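*Asks:* Take this structure, written in structure tokens, and hold onto it; I'll ask about it next.
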Amino acid sequence: MRLSSVMMFFPPTPRFLLAAGLGLCAVLAAGEPTRTELDPSPAQPAPPLVPAASAVDEGANLDVLVFNDGDQVRGRLVERSSDLWLFRSERFGLLRVPIADATVTLSDPESVAAEARARAEAAEPVAPRGSIFSPGAMARDLKGFFGQWHGRFNFSTQLMQSTTDTSNTMLEAKLERKLKHDDVKLAARYDFIDTDHVTTTDTIKGDAAWRHDFLNRWFSIYSPSVEWNRAYVINDVPSDYFLLQQQFGAGYTVTASPRSNLRVGLAENVFDVWETTAPESHFSKTAESVFLEADWKLPWRMTLTERGAYYYSLNSHIDGWENKLELDKKLTETFAVGIRHETRQNDPGVRVQDYTLTKFYMGIDF
């Protein structure tokens, strides 16, 4: 608005009244958004989810999580369920926020596709609560039971009839909870193999991991694991055992992003073995190790994870190693399939079973 057009509305007055009027007009003009003649319509409020890069710094190309009180967090939308945002922020790691508490402005086409899949699945008919025929209903019940914990139930089975009859079954449960500076994981697994009505594998395993992140990408980790092998044979002699392994380690996060993470570190390991068949005995060993943890998010909703460790005992100069590589694909928000390759060779100074296995499994996420 030009100055001449402003002065048309003011008759001759004392100078201080004229100055006050001009100041008020300037404030009102500054607060009024500029509109062009090409788009005379008033501005419409933005919907909760818009795939517009203008809402985010174009150089960063990040999504924005907007809380109801106005606070904003920049990062990447990982998944959206019917009641929860799963959002990986730049500064605070993985966040789980109820849908009712925030909205998300999307900037990445893949994030828009993830949101569209979640909306499509949420629009599907909902099975009655507690229905044993609906993975979605089962996942809702599990989510309601475990609360802030998220996880997966995996199962795998194989029946083979040939010159020998073999049945192979695996059941597994995983739980995980992410806090601001901590990541806690729990897992339990049962493996059973029967060949011609003779049990060749009967193993119960459990492990946990607590990782605490410090500044500048350093972290500490404590990881205990147990293994109860009830069908171990050495030279045709039953040698069942119970193994407790504890890992005390520290490391450095090489890369950390919504799509890939890589951590390396050093650890001290304590092995305790109780032989449960006569004659019963107990012995303890220690070994040092170098470990690696990595995960990558791949196209088509696939995730590749790997954890490996190389052991070397400074006391006995014996080495060994183990590695687990896993590829899984989410078919829906609650159903996934995957394949796992796992091996353990010569734990230093510990007489436990070496093995290599490859297994296909199906799982239900919650």
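Letters A, B, ... mark the chains of the structure tokens in the order given; residue numbers begin at 1 per chain; ligand numbers begin at 1, in order shown.
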Name all residues at most 8 Å from stretch 93-101 of chain A (count only C-alpha atoms; drop same-chain ones fewer than 6 positions away) and give them as a list in words.

*Replies:* Phe67, Asn68, Ser82, Asp83, Leu84, Trp85, Leu86, Phe87, Lys178 and Lys180 of chain A

*Asks:* Quick one: residues within 6 Å of stretch 253-262 of chain A, only C-alpha atoms, excluding same-chain residues fewer than 2 positions away - as a PyMOL selection string?

*Replies:* chain A and resi 217+293-297

*Asks:* Could you write out the selected residues, including C-alpha atoms, as a short mmCIF file (atom, residue, chain, number, x, y, z; two decimals), in the first residue's frame?

*Replies:*
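Final output, saved to again16.cif:
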```cif
data_model
loop_
_atom_site.label_atom_id
_atom_site.label_comp_id
_atom_site.auth_asym_id
_atom_site.auth_seq_id
_atom_site.Cartn_x
_atom_site.Cartn_y
_atom_site.Cartn_z
CA ARG A 217 28.33 -41.63 19.35
CA GLU A 293 26.21 -54.70 14.70
CA ALA A 294 24.55 -53.41 11.53
CA ASP A 295 21.11 -52.93 10.05
CA TRP A 296 19.91 -51.61 6.71
CA LYS A 297 16.43 -50.71 5.47
#
```

*Asks:* From a DSSP calculation on the backbone, collect every residue of stretch 131-296 of chain A in helix (DSSP H, G or I) and output the set as a list in words.

*Replies:*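 After running DSSP on the backbone, stretch 131-296 of chain A has helix (DSSP H, G or I) at Pro135, Gly136, Ala137, Met138, Ala139, Arg140, Asp141, Leu142, Lys143, Gly144, Phe145, Phe146, Leu215, Asn216 and Arg217 of chain A.
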
*Asks:* Set the distance at 8 Å and use only C-alpha atoms: which residues neighbour A:Thr358 once local chain neighbours fewer than 5 positions away are removed? I'd like the list as a ChimeraX atom specification.

*Replies:* /A:339-342

*Asks:* Suppose you want the space between atom CA of A:Tyr241 and atom CA of A:Trp274; what is it in Å?

*Replies:*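 Separating atom CA of A:Tyr241 from atom CA of A:Trp274 is a distance of 5.5 Å.
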
*Asks:* Taking 4 positions as the minimum chain separation for residues in the same chain, which residues sit within 6 Å of stretch 197-208 of chain A when counting only C-alpha atoms? Answer as a ChimeraX atom specification.

*Replies:* /A:185-193,223-231

*Asks:* Between atom CA of A:Gln148 and atom CA of A:Leu175, what distance in Å does the model show, to one decimal?

*Replies:*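 Spanning atom CA of A:Gln148 to atom CA of A:Leu175 is a straight-line distance of 10.0 Å.
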
*Asks:* Would you please give, as a ChimeraX atom specification, all residues of stretch 119-332 of chain A that DSSP assigns to strand (DSSP E) based on the backbone?

*Replies:* /A:150-161,165-178,182-195,198-213,218-229,233-234,237-238,241-256,260-275,281-298,302-312,319-330

*Asks:* Between A:Ser220, A:Ser316, A:Ser281, A:Thr286, which one has atoms that come closest to A:Gln246, using only C-alpha atoms?

*Replies:*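 Of all the options, A:Thr286 lies closest to A:Gln246.
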
*Asks:* So which one's closest to A:Met362, A:Glu90, A:Asp347, A:Glu306, A:Glu172? Using only C-alpha atoms, please.

*Replies:*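 Looking only at the distances to A:Met362, the closest residue turns out to be A:Glu172.
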
*Asks:* State, in Å with one decimal place, the distance from atom CA of A:Arg344 to atom CA of A:Glu176.

*Replies:*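 It comes out at 24.1 Å.
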
*Asks:* Rank A:Asp141, A:Glu268, A:Glu322, A:Asp236 by their smallest atom-to-atom distance to A:Thr334, using only C-alpha atoms, and report the top residue only.

*Replies:*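 Looking only at the distances to A:Thr334, the closest residue turns out to be A:Asp141.
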